[in-house]
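Okay, data-v1.cif now, which holds mmCIF, C-alpha atoms:
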data_target
loop_
_atom_site.group_PDB
_atom_site.id
_atom_site.type_symbol
_atom_site.label_atom_id
_atom_site.label_comp_id
_atom_site.auth_asym_id
_atom_site.auth_seq_id
_atom_site.Cartn_x
_atom_site.Cartn_y
_atom_site.Cartn_z
ATOM 1 C CA PRO A 1 49.276 -20.686 -30.572
ATOM 2 C CA THR A 2 47.812 -22.334 -27.504
ATOM 3 C CA PRO A 3 44.596 -20.954 -26.034
ATOM 4 C CA PRO A 4 44.940 -19.181 -22.679
ATOM 5 C CA PRO A 5 44.021 -21.256 -19.644
ATOM 6 C CA LYS A 6 40.446 -20.837 -18.497
ATOM 7 C CA ALA A 7 39.937 -19.172 -15.166
ATOM 8 C CA VAL A 8 38.468 -21.561 -12.661
ATOM 9 C CA PRO A 9 35.947 -19.842 -10.380
ATOM 10 C CA GLU A 10 36.948 -20.100 -6.772
ATOM 11 C CA ALA A 11 34.530 -21.765 -4.425
ATOM 12 C CA LYS A 12 33.173 -19.231 -1.981
ATOM 13 C CA ALA A 13 33.392 -20.270 1.606
ATOM 14 C CA GLU A 14 30.082 -20.216 3.415
ATOM 15 C CA VAL A 15 29.992 -17.642 6.149
ATOM 16 C CA PRO A 16 28.130 -18.997 9.164
ATOM 17 C CA VAL A 17 25.266 -16.883 10.390
ATOM 18 C CA ASP A 18 25.677 -15.641 13.935
ATOM 19 C CA TYR A 19 22.147 -16.037 15.239
ATOM 20 C CA GLU A 20 23.187 -15.050 18.737
ATOM 21 C CA ALA A 21 24.290 -11.611 17.472
ATOM 22 C CA ILE A 22 20.942 -11.102 15.752
ATOM 23 C CA TYR A 23 19.008 -11.936 18.922
ATOM 24 C CA ARG A 24 21.363 -9.838 21.034
ATOM 25 C CA ALA A 25 20.858 -6.816 18.735
ATOM 26 C CA ASN A 26 17.065 -7.207 18.862
ATOM 27 C CA ALA A 27 17.117 -7.555 22.652
ATOM 28 C CA THR A 28 19.331 -4.478 22.942
ATOM 29 C CA ASN A 29 16.963 -2.442 20.768
ATOM 30 C CA ALA A 30 13.940 -3.575 22.776
ATOM 31 C CA SER A 31 15.713 -2.727 26.033
ATOM 32 C CA ILE A 32 16.639 0.730 24.794
ATOM 33 C CA ALA A 33 13.043 1.347 23.685
ATOM 34 C CA ALA A 34 11.646 0.212 27.042
ATOM 35 C CA ALA A 35 14.169 2.317 28.966
ATOM 36 C CA SER A 36 13.319 5.347 26.800
ATOM 37 C CA ILE A 37 9.609 4.952 27.483
ATOM 38 C CA LEU A 38 10.297 4.641 31.208
ATOM 39 C CA ALA A 39 12.548 7.721 31.120
ATOM 40 C CA VAL A 40 9.900 9.769 29.326
ATOM 41 C CA GLY A 41 7.331 8.563 31.865
ATOM 42 C CA ALA A 42 9.585 9.619 34.730
ATOM 43 C CA VAL A 43 10.038 13.179 33.438
ATOM 44 C CA SER A 44 6.614 13.687 31.837
ATOM 45 C CA PRO A 45 4.561 16.565 33.252
ATOM 46 C CA THR A 46 1.322 14.577 33.507
ATOM 47 C CA PRO A 47 0.244 10.942 33.247
ATOM 48 C CA ALA A 48 -1.843 11.850 30.184
ATOM 49 C CA PHE A 49 1.275 13.025 28.339
ATOM 50 C CA SER A 50 3.050 9.778 29.169
ATOM 51 C CA SER A 51 0.100 7.750 27.914
ATOM 52 C CA MET A 52 -0.239 9.726 24.671
ATOM 53 C CA PHE A 53 3.514 9.570 24.042
ATOM 54 C CA THR A 54 3.524 5.805 24.527
ATOM 55 C CA VAL A 55 0.620 5.358 22.100
ATOM 56 C CA PHE A 56 2.329 7.624 19.566
ATOM 57 C CA THR A 57 5.627 5.753 19.842
ATOM 58 C CA LEU A 58 4.060 2.311 19.577
ATOM 59 C CA SER A 59 1.832 3.306 16.647
ATOM 60 C CA THR A 60 4.825 4.780 14.829
ATOM 61 C CA THR A 61 6.789 1.574 15.346
ATOM 62 C CA ILE A 62 3.898 -0.622 14.232
ATOM 63 C CA GLY A 63 3.272 1.576 11.184
ATOM 64 C CA TYR A 64 6.918 1.375 10.180
ATOM 65 C CA GLN A 65 6.944 -2.412 10.523
ATOM 66 C CA VAL A 66 3.718 -2.778 8.540
ATOM 67 C CA VAL A 67 4.808 -0.555 5.660
ATOM 68 C CA TRP A 68 8.314 -2.003 5.295
ATOM 69 C CA GLY A 69 7.062 -5.566 5.732
ATOM 70 C CA VAL A 70 4.745 -5.416 2.705
ATOM 71 C CA ALA A 71 5.734 -7.138 -0.515
ATOM 72 C CA PRO A 72 6.271 -4.732 -3.453
ATOM 73 C CA ALA A 73 3.242 -6.157 -5.271
ATOM 74 C CA LEU A 74 0.974 -5.012 -2.440
ATOM 75 C CA HIS A 75 2.113 -1.392 -2.245
ATOM 76 C CA SER A 76 -0.764 -0.099 -4.422
ATOM 77 C CA PRO A 77 -3.485 -1.534 -2.152
ATOM 78 C CA LEU A 78 -1.542 -0.283 0.859
ATOM 79 C CA MET A 79 -1.475 3.220 -0.642
ATOM 80 C CA ALA A 80 -5.232 3.060 -1.148
ATOM 81 C CA VAL A 81 -5.751 2.186 2.522
ATOM 82 C CA THR A 82 -3.355 4.965 3.545
ATOM 83 C CA ASN A 83 -5.396 7.420 1.483
ATOM 84 C CA ALA A 84 -8.532 6.286 3.302
ATOM 85 C CA ILE A 85 -6.824 6.898 6.655
ATOM 86 C CA SER A 86 -5.814 10.367 5.447
ATOM 87 C CA GLY A 87 -9.464 10.947 4.592
ATOM 88 C CA VAL A 88 -10.377 10.213 8.210
ATOM 89 C CA THR A 89 -7.664 12.649 9.332
ATOM 90 C CA ALA A 90 -9.077 15.305 7.006
ATOM 91 C CA LEU A 91 -12.568 14.801 8.443
ATOM 92 C CA GLY A 92 -11.211 15.071 11.992
ATOM 93 C CA GLY A 93 -9.359 18.262 11.057
ATOM 94 C CA MET A 94 -12.512 19.751 9.542
ATOM 95 C CA HIS A 95 -14.395 18.876 12.718
ATOM 96 C CA LEU A 96 -11.759 20.680 14.794
ATOM 97 C CA MET A 97 -11.898 23.734 12.543
ATOM 98 C CA GLY A 98 -15.337 24.501 13.938
ATOM 99 C CA GLY A 99 -16.920 25.944 10.802
ATOM 100 C CA GLY A 100 -15.615 29.501 11.101
ATOM 101 C CA LEU A 101 -13.977 31.363 8.248
ATOM 102 C CA LEU A 102 -10.669 31.811 10.087
ATOM 103 C CA PRO A 103 -9.362 29.797 13.048
ATOM 104 C CA SER A 104 -9.716 31.597 16.377
ATOM 105 C CA THR A 105 -7.988 29.059 18.656
ATOM 106 C CA SER A 106 -4.830 27.008 18.411
ATOM 107 C CA ALA A 107 -6.894 23.808 18.127
ATOM 108 C CA GLN A 108 -8.752 25.242 15.144
ATOM 109 C CA ALA A 109 -5.448 26.297 13.544
ATOM 110 C CA LEU A 110 -4.017 22.814 14.039
ATOM 111 C CA GLY A 111 -7.220 21.381 12.570
ATOM 112 C CA ALA A 112 -6.793 23.580 9.502
ATOM 113 C CA VAL A 113 -3.165 22.492 9.124
ATOM 114 C CA ALA A 114 -4.118 18.809 9.544
ATOM 115 C CA THR A 115 -6.867 19.171 6.950
ATOM 116 C CA GLY A 116 -4.528 20.831 4.464
ATOM 117 C CA MET A 117 -1.818 18.222 4.909
ATOM 118 C CA SER A 118 -4.348 15.395 4.626
ATOM 119 C CA ILE A 119 -5.776 16.813 1.405
ATOM 120 C CA VAL A 120 -2.280 17.044 -0.103
ATOM 121 C CA ASN A 121 -1.598 13.456 0.988
ATOM 122 C CA ILE A 122 -4.904 12.203 -0.442
ATOM 123 C CA VAL A 123 -4.418 13.868 -3.828
ATOM 124 C CA GLY A 124 -0.749 12.907 -4.131
ATOM 125 C CA GLY A 125 -1.399 9.347 -2.963
ATOM 126 C CA SER A 126 -4.253 8.954 -5.445
ATOM 127 C CA LEU A 127 -2.064 10.169 -8.310
ATOM 128 C CA VAL A 128 0.789 7.839 -7.338
ATOM 129 C CA THR A 129 -1.598 4.892 -6.936
ATOM 130 C CA LYS A 130 -3.131 5.552 -10.366
ATOM 131 C CA LYS A 131 0.313 5.778 -11.944
ATOM 132 C CA MET A 132 1.386 2.508 -10.315
ATOM 133 C CA LEU A 133 -1.787 0.745 -11.440
ATOM 134 C CA ASP A 134 -1.289 2.057 -14.989
ATOM 135 C CA HIS A 135 1.944 0.041 -15.130
ATOM 136 C CA PHE A 136 -0.169 -3.126 -14.962
ATOM 137 C CA LYS A 137 -2.620 -2.015 -17.655
ATOM 138 C CA ARG A 138 -2.705 -4.156 -20.782
ATOM 139 C CA PRO A 139 -3.310 -2.703 -24.233
ATOM 140 C CA THR A 140 -6.485 -4.798 -24.500
ATOM 141 C CA ASP A 141 -8.054 -3.333 -21.330
ATOM 142 C CA PRO A 142 -11.083 -1.084 -21.913
ATOM 143 C CA PRO A 143 -10.596 2.634 -21.212
ATOM 144 C CA GLU A 144 -11.685 3.922 -17.830
#

Show the structure stored in the file as structure tokens.
Amino acid sequence: PTPPPKAVPEAKAEVPVDYEAIYRANATNASIAAASILAVGAVSPTPAFSSMFTVFTLSTTIGYQVVWGVAPALHSPLMAVTNAISGVTALGGMHLMGGGLLPSTSAQALGAVATGMSIVNIVGGSLVTKKMLDHFKRPTDPPE
């Protein structure tokens, strides 16, 4: 009996990268974003709304880029910083609540909601951060 012939792996052809398409897609996205901001500015009721909307949109975009651009090894420190920012949000919400037992204005109600959501985010983020850091714990480390 003769052994079966060995399969020879085929050489994969290199696919050239179309850099022009990448730049064109980025330019298209930037143009759409700029046109959207201009459109919102044209139909906004007040200049203050347009300004706040622009800040919100840009901060959302920057936040997305920062979070998704972080290496996996740095996610625990990033979560710790995010928890600190949520702490600032909780303090701002408590300031808006005004110190009464129940909210009497819509701003105080929104402050109460912001405080509640921030507290949930702080506690959950702290638990997730602790669990992630426990993955790096060695058996020889002293107990906390």

Test item: the PyMOL selection byres ((chain A and resi 86-96) around 7) resolved as a PDB file with C-alpha atoms, in the frame of the given file:
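Printed below is part.pdb as written:
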ATOM      1  CA  THR A  82      -3.355   4.965   3.545  1.00  0.00           C
ATOM      2  CA  ASN A  83      -5.396   7.420   1.483  1.00  0.00           C
ATOM      3  CA  ALA A  84      -8.532   6.286   3.302  1.00  0.00           C
ATOM      4  CA  ILE A  85      -6.824   6.898   6.655  1.00  0.00           C
ATOM      5  CA  MET A  97     -11.898  23.734  12.543  1.00  0.00           C
ATOM      6  CA  GLY A  98     -15.337  24.501  13.938  1.00  0.00           C
ATOM      7  CA  ALA A 107      -6.894  23.808  18.127  1.00  0.00           C
ATOM      8  CA  GLN A 108      -8.752  25.242  15.144  1.00  0.00           C
ATOM      9  CA  GLY A 111      -7.220  21.381  12.570  1.00  0.00           C
ATOM     10  CA  ALA A 112      -6.793  23.580   9.502  1.00  0.00           C
ATOM     11  CA  ALA A 114      -4.118  18.809   9.544  1.00  0.00           C
ATOM     12  CA  THR A 115      -6.867  19.171   6.950  1.00  0.00           C
ATOM     13  CA  SER A 118      -4.348  15.395   4.626  1.00  0.00           C
ATOM     14  CA  ILE A 119      -5.776  16.813   1.405  1.00  0.00           C
ATOM     15  CA  ASN A 121      -1.598  13.456   0.988  1.00  0.00           C
ATOM     16  CA  ILE A 122      -4.904  12.203  -0.442  1.00  0.00           C
TER      17      ILE A 122
END

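Interatomic distance, atom CA of A:Leu78 to atom CA of A:Asn29: 27.3 Å.
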
Quick check, in Å to one decimal: how far apart do atom CA of A:Ala48 and atom CA of A:Leu110 lie?
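Those two atoms sit 19.6 Å apart.
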
Stretch 30-40 of chain A: which residues within 10 Å, counting only C-alpha atoms, same-chain residues fewer than 6 positions away excluded, as a list in words?
Arg24, Phe49, Ser50, Ser51, Phe53, Thr54, Thr57 and Leu58 of chain A

Of the listed residues A:Lys12, A:Thr28, A:Met79, A:Pro47, that which approaches A:Thr129 most closely, counting only C-alpha atoms
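The closest residue to A:Thr129 is A:Met79.
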
Any idea what the distance is between atom CA of A:Ile22 and atom CA of A:Gln65?
17.3 Å

A:Ala73 surroundings by only C-alpha atoms, 12 Å radius, close-in-sequence under 3 positions cut, as number ranges by chain
A: 69-70, 76-79, 132-133, 135-136
